[in-house]
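Have a look at target20.csv below; it lists CSV, C-alpha atoms.
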chain,number,residue,atom,x,y,z
X,3,MET,CA,-16.5,-161.5,100.5
X,4,LYS,CA,-16.8,-159.8,103.9
X,5,ILE,CA,-14.3,-162.3,105.3
X,6,ILE,CA,-11.8,-161.5,102.6
X,7,ILE,CA,-12.1,-157.8,103.1
X,8,SER,CA,-11.8,-158.3,106.9
X,9,LEU,CA,-8.7,-160.3,106.5
X,10,ILE,CA,-7.1,-157.7,104.2
X,11,LEU,CA,-7.9,-155.0,106.7
X,12,THR,CA,-6.5,-157.0,109.5
X,13,VAL,CA,-3.3,-157.6,107.6
X,14,LEU,CA,-2.9,-154.0,106.7
X,15,LEU,CA,-3.6,-152.8,110.3
X,16,SER,CA,-1.2,-155.4,111.7
X,17,SER,CA,1.5,-154.2,109.3
X,18,VAL,CA,1.0,-150.6,110.4
X,19,ALA,CA,1.0,-151.6,114.1
X,20,SER,CA,4.1,-153.6,113.5
X,21,ALA,CA,5.9,-150.7,111.9
X,22,ASP,CA,4.8,-148.4,114.7
X,23,ASN,CA,6.0,-150.9,117.3
X,24,THR,CA,9.3,-151.4,115.5
X,25,LEU,CA,9.9,-147.6,115.4
X,26,VAL,CA,9.1,-147.2,119.1
X,27,THR,CA,11.5,-150.0,120.0
X,28,ASN,CA,14.1,-148.6,117.7
X,29,MET,CA,13.8,-145.1,119.0
X,30,SER,CA,14.0,-146.5,122.6
X,31,GLN,CA,17.3,-148.3,121.7
X,32,MET,CA,18.6,-145.1,120.1
X,33,GLU,CA,17.8,-143.1,123.2
X,34,ASN,CA,19.3,-145.7,125.4
X,35,GLY,CA,22.5,-145.5,123.4
X,36,LEU,CA,22.6,-141.7,123.5
X,37,THR,CA,22.1,-141.8,127.3
X,38,MET,CA,24.9,-144.4,127.7
X,39,VAL,CA,27.3,-142.2,125.6
X,40,GLN,CA,26.5,-139.1,127.6
X,41,LYS,CA,26.9,-140.9,130.9
X,42,GLY,CA,30.2,-142.4,129.7
X,43,PHE,CA,31.5,-138.9,129.0
X,44,LEU,CA,30.2,-137.6,132.4
X,45,TYR,CA,31.8,-140.4,134.3
X,46,ASN,CA,34.9,-140.8,132.2
X,47,ASN,CA,34.0,-144.3,131.2
X,48,PRO,CA,35.1,-145.0,127.6
X,49,VAL,CA,33.7,-148.6,127.7
X,50,GLN,CA,30.2,-147.2,128.4
X,51,ILE,CA,30.6,-144.7,125.6
X,52,LYS,CA,31.5,-147.6,123.2
X,53,GLU,CA,28.5,-149.6,124.4
X,54,GLY,CA,26.3,-146.7,123.8
X,55,VAL,CA,27.7,-146.2,120.3
X,56,ALA,CA,27.0,-149.9,119.6
X,57,ASP,CA,23.4,-149.4,120.5
X,58,ILE,CA,23.1,-146.3,118.4
X,59,HIS,CA,24.7,-148.1,115.5
X,60,THR,CA,22.3,-151.0,115.8
X,61,ALA,CA,19.2,-148.8,116.0
X,62,ASN,CA,20.4,-146.7,113.1
X,63,LEU,CA,20.5,-149.7,110.8
X,64,LEU,CA,16.7,-149.4,110.4
X,65,PHE,CA,17.1,-146.2,108.3
X,66,HIS,CA,19.9,-147.5,106.0
X,67,ASN,CA,17.4,-148.0,103.1
X,68,VAL,CA,15.6,-145.0,101.9
X,69,ASP,CA,12.6,-146.9,100.6
X,70,GLU,CA,12.2,-149.1,103.7
X,71,THR,CA,12.3,-145.9,105.8
X,72,LYS,CA,9.1,-144.7,104.3
X,73,LYS,CA,7.0,-147.3,106.2
X,74,TYR,CA,8.1,-145.8,109.5
X,75,LEU,CA,7.1,-142.3,108.7
X,76,PRO,CA,3.6,-140.8,108.8
X,77,LYS,CA,1.9,-141.0,105.5
X,78,GLU,CA,2.1,-137.3,104.8
X,79,LYS,CA,5.8,-137.4,105.5
X,80,GLN,CA,6.8,-140.5,103.5
X,81,HIS,CA,7.9,-138.5,100.5
X,82,MET,CA,10.6,-137.1,102.8
X,83,SER,CA,12.2,-140.4,103.7
X,84,ASN,CA,15.5,-139.2,102.2
X,85,ILE,CA,15.8,-136.9,105.3
X,86,ALA,CA,15.8,-139.8,107.6
X,87,PHE,CA,18.2,-141.6,105.3
X,88,ASN,CA,20.6,-138.7,105.2
X,89,ALA,CA,20.3,-138.3,109.0
X,90,SER,CA,21.2,-142.0,109.3
X,91,LYS,CA,24.3,-141.4,107.2
X,92,ARG,CA,25.3,-138.5,109.4
X,93,ILE,CA,24.9,-140.7,112.4
X,94,ASP,CA,27.1,-143.4,110.9
X,95,LYS,CA,29.8,-140.9,110.2
X,96,ALA,CA,29.6,-139.2,113.6
X,97,THR,CA,29.7,-142.5,115.5
X,98,ALA,CA,32.8,-143.6,113.5
X,99,ASP,CA,34.4,-140.3,114.2
X,100,LEU,CA,33.5,-140.5,117.9
X,101,LEU,CA,35.1,-144.0,118.2
X,102,LYS,CA,38.3,-142.8,116.4
X,103,SER,CA,38.6,-139.8,118.6
X,104,LEU,CA,37.9,-141.9,121.7
X,105,ASP,CA,40.7,-144.4,120.8
X,106,LYS,CA,43.1,-141.4,120.4
X,107,LYS,CA,41.9,-140.1,123.8
X,108,GLN,CA,40.7,-136.9,122.1
X,109,PHE,CA,37.7,-136.7,124.4
X,110,SER,CA,36.7,-133.1,123.4
X,111,LYS,CA,36.6,-134.1,119.7
X,112,ALA,CA,34.7,-137.2,120.6
X,113,SER,CA,32.1,-135.2,122.5
X,114,GLN,CA,31.7,-133.0,119.4
X,115,SER,CA,30.9,-136.1,117.4
X,116,TYR,CA,28.3,-137.0,120.0
X,117,SER,CA,26.8,-133.5,119.5
X,118,GLU,CA,26.7,-134.2,115.7
X,119,ILE,CA,24.8,-137.5,116.4
X,120,VAL,CA,22.2,-135.5,118.4
X,121,ASN,CA,22.0,-132.8,115.7
X,122,ALA,CA,21.4,-135.5,113.1
X,123,CYS,CA,18.6,-137.0,115.2
X,124,THR,CA,17.1,-133.5,115.8
X,125,SER,CA,17.1,-132.7,112.1
X,126,CYS,CA,15.1,-135.7,111.3
X,127,HIS,CA,12.7,-135.2,114.2
X,128,ALA,CA,12.2,-131.6,113.1
X,129,VAL,CA,10.8,-132.7,109.8
X,130,VAL,CA,8.9,-135.8,110.9
X,131,ARG,CA,7.4,-134.2,114.0
X,132,GLY,CA,6.9,-130.8,112.4
X,133,TRP,CA,8.9,-128.8,114.9
Produce structure tokens that represent the structure in this file.
Amino acid sequence: MKIIISLILTVLLSSVASADNTLVTNMSQMENGLTMVQKGFLYNNPVQIKEGVADIHTANLLFHNVDETKKYLPKEKQHMSNIAFNASKRIDKATADLLKSLDKKQFSKASQSYSEIVNACTSCHAVVRGW
């Protein structure tokens, strides 16, 4: 009986650790994409901007399912998974708008879309981190 309970606890703890590791990796990828976009604007490098947007888009996929998002939030915040989901949708829209503006060489408008991405991230962090 002790072995079964031990195995169950190990599986549960591994699951939580895996979710934590996934989130850390994901947020790192998101941050890397944001940094690349910002540097792309600073150095007038549209290719770097697009590479950064691709990283953001890939990282953002983690939050496309409101129910799956719950496992990445602290237990006391899991009922607010819709906030991360809505932030994810805002990021999708802003990245699409950014790329459209960039293709039209509307750099000021593209940078406004970048700001919207950061604002969407911040709105989620404000709730999850209790800012």
field: Residue nearest X:Val55 among X:Ala96, X:Val129, X:Leu75, X:Val68 (counting all atoms listed in the file)
entry: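 Of X:Ala96, X:Val129, X:Leu75, X:Val68, the one nearest X:Val55 is X:Ala96, counting all atoms listed in the file.
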Within 7 Å of stretch 109-114 of chain X, which residues of stretch 12-105 of chain X come that close, and what is the closest atom pair and distance in Å for each? Count only C-alpha atoms and give it as a Markdown table.
| residue | atom | partner | partner_atom | distance |
| --- | --- | --- | --- | --- |
| X:Leu100 | CA | X:Ala112 | CA | 4.4 |
| X:Ser103 | CA | X:Ala112 | CA | 5.1 |
| X:Leu104 | CA | X:Ala112 | CA | 5.8 |
Expected file: the selected residues, C-alpha atoms, as a compact mmCIF listing (two decimals), keeping the file's coordinate frame:
# COMPACT_ATOMS: atom_id res chain seq x y z
CA LEU X 100 33.50 -140.50 117.90
CA SER X 103 38.60 -139.80 118.60
CA LEU X 104 37.90 -141.90 121.70
Shell around stretch 79-90 of chain X at 9 Å using all atoms listed in the file, local window under 2 positions removed, as a PDB file with C-alpha atoms, keeping the file's coordinate frame:
ATOM      1  CA  ASN X  62      20.400-146.700 113.100  1.00  0.00           C
ATOM      2  CA  LEU X  63      20.500-149.700 110.800  1.00  0.00           C
ATOM      3  CA  LEU X  64      16.700-149.400 110.400  1.00  0.00           C
ATOM      4  CA  PHE X  65      17.100-146.200 108.300  1.00  0.00           C
ATOM      5  CA  HIS X  66      19.900-147.500 106.000  1.00  0.00           C
ATOM      6  CA  ASN X  67      17.400-148.000 103.100  1.00  0.00           C
ATOM      7  CA  VAL X  68      15.600-145.000 101.900  1.00  0.00           C
ATOM      8  CA  ASP X  69      12.600-146.900 100.600  1.00  0.00           C
ATOM      9  CA  GLU X  70      12.200-149.100 103.700  1.00  0.00           C
ATOM     10  CA  THR X  71      12.300-145.900 105.800  1.00  0.00           C
ATOM     11  CA  LYS X  72       9.100-144.700 104.300  1.00  0.00           C
ATOM     12  CA  LYS X  73       7.000-147.300 106.200  1.00  0.00           C
ATOM     13  CA  TYR X  74       8.100-145.800 109.500  1.00  0.00           C
ATOM     14  CA  LEU X  75       7.100-142.300 108.700  1.00  0.00           C
ATOM     15  CA  PRO X  76       3.600-140.800 108.800  1.00  0.00           C
ATOM     16  CA  LYS X  77       1.900-141.000 105.500  1.00  0.00           C
ATOM     17  CA  ARG X  92      25.300-138.500 109.400  1.00  0.00           C
ATOM     18  CA  ILE X  93      24.900-140.700 112.400  1.00  0.00           C
ATOM     19  CA  ASP X  94      27.100-143.400 110.900  1.00  0.00           C
ATOM     20  CA  LYS X  95      29.800-140.900 110.200  1.00  0.00           C
ATOM     21  CA  ILE X 119      24.800-137.500 116.400  1.00  0.00           C
ATOM     22  CA  ASN X 121      22.000-132.800 115.700  1.00  0.00           C
ATOM     23  CA  ALA X 122      21.400-135.500 113.100  1.00  0.00           C
ATOM     24  CA  CYS X 123      18.600-137.000 115.200  1.00  0.00           C
ATOM     25  CA  THR X 124      17.100-133.500 115.800  1.00  0.00           C
ATOM     26  CA  SER X 125      17.100-132.700 112.100  1.00  0.00           C
ATOM     27  CA  CYS X 126      15.100-135.700 111.300  1.00  0.00           C
ATOM     28  CA  HIS X 127      12.700-135.200 114.200  1.00  0.00           C
ATOM     29  CA  VAL X 129      10.800-132.700 109.800  1.00  0.00           C
ATOM     30  CA  VAL X 130       8.900-135.800 110.900  1.00  0.00           C
TER      31      VAL X 130
END
- prompt: In Å, how far is it from atom CA of X:Met32 to atom CA of X:Ala56?
  reply: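 Result for atom CA of X:Met32 versus atom CA of X:Ala56: 9.7 Å, one decimal.
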task: Name the residues in contact with X:Gln40 at a cut-off of 12 Å, using only C-alpha atoms, excluding same-chain residues fewer than 4 positions from it; report them as a PyMOL selection string.
output: chain X and resi 33-36+44-55+109+112-117+119-120
query: What separation in Å, quoted to one decimal, exists between atom CA of X:Gln108 and atom CA of X:Ala61?
result: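 Atom-to-atom, atom CA of X:Gln108 to atom CA of X:Ala61, that is 25.3 Å.
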task: Using atom CA of X:Thr60 and atom CA of X:Gln31 as the two end points, give the distance in Å to one decimal.
output: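 For atom CA of X:Thr60 relative to atom CA of X:Gln31, the distance reads 8.2 Å.
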query: For X:Asp57, which residue out of X:Lys102, X:Val26, X:Thr97, X:Lys41 is the nearest one, using only C-alpha atoms?
result: X:Thr97
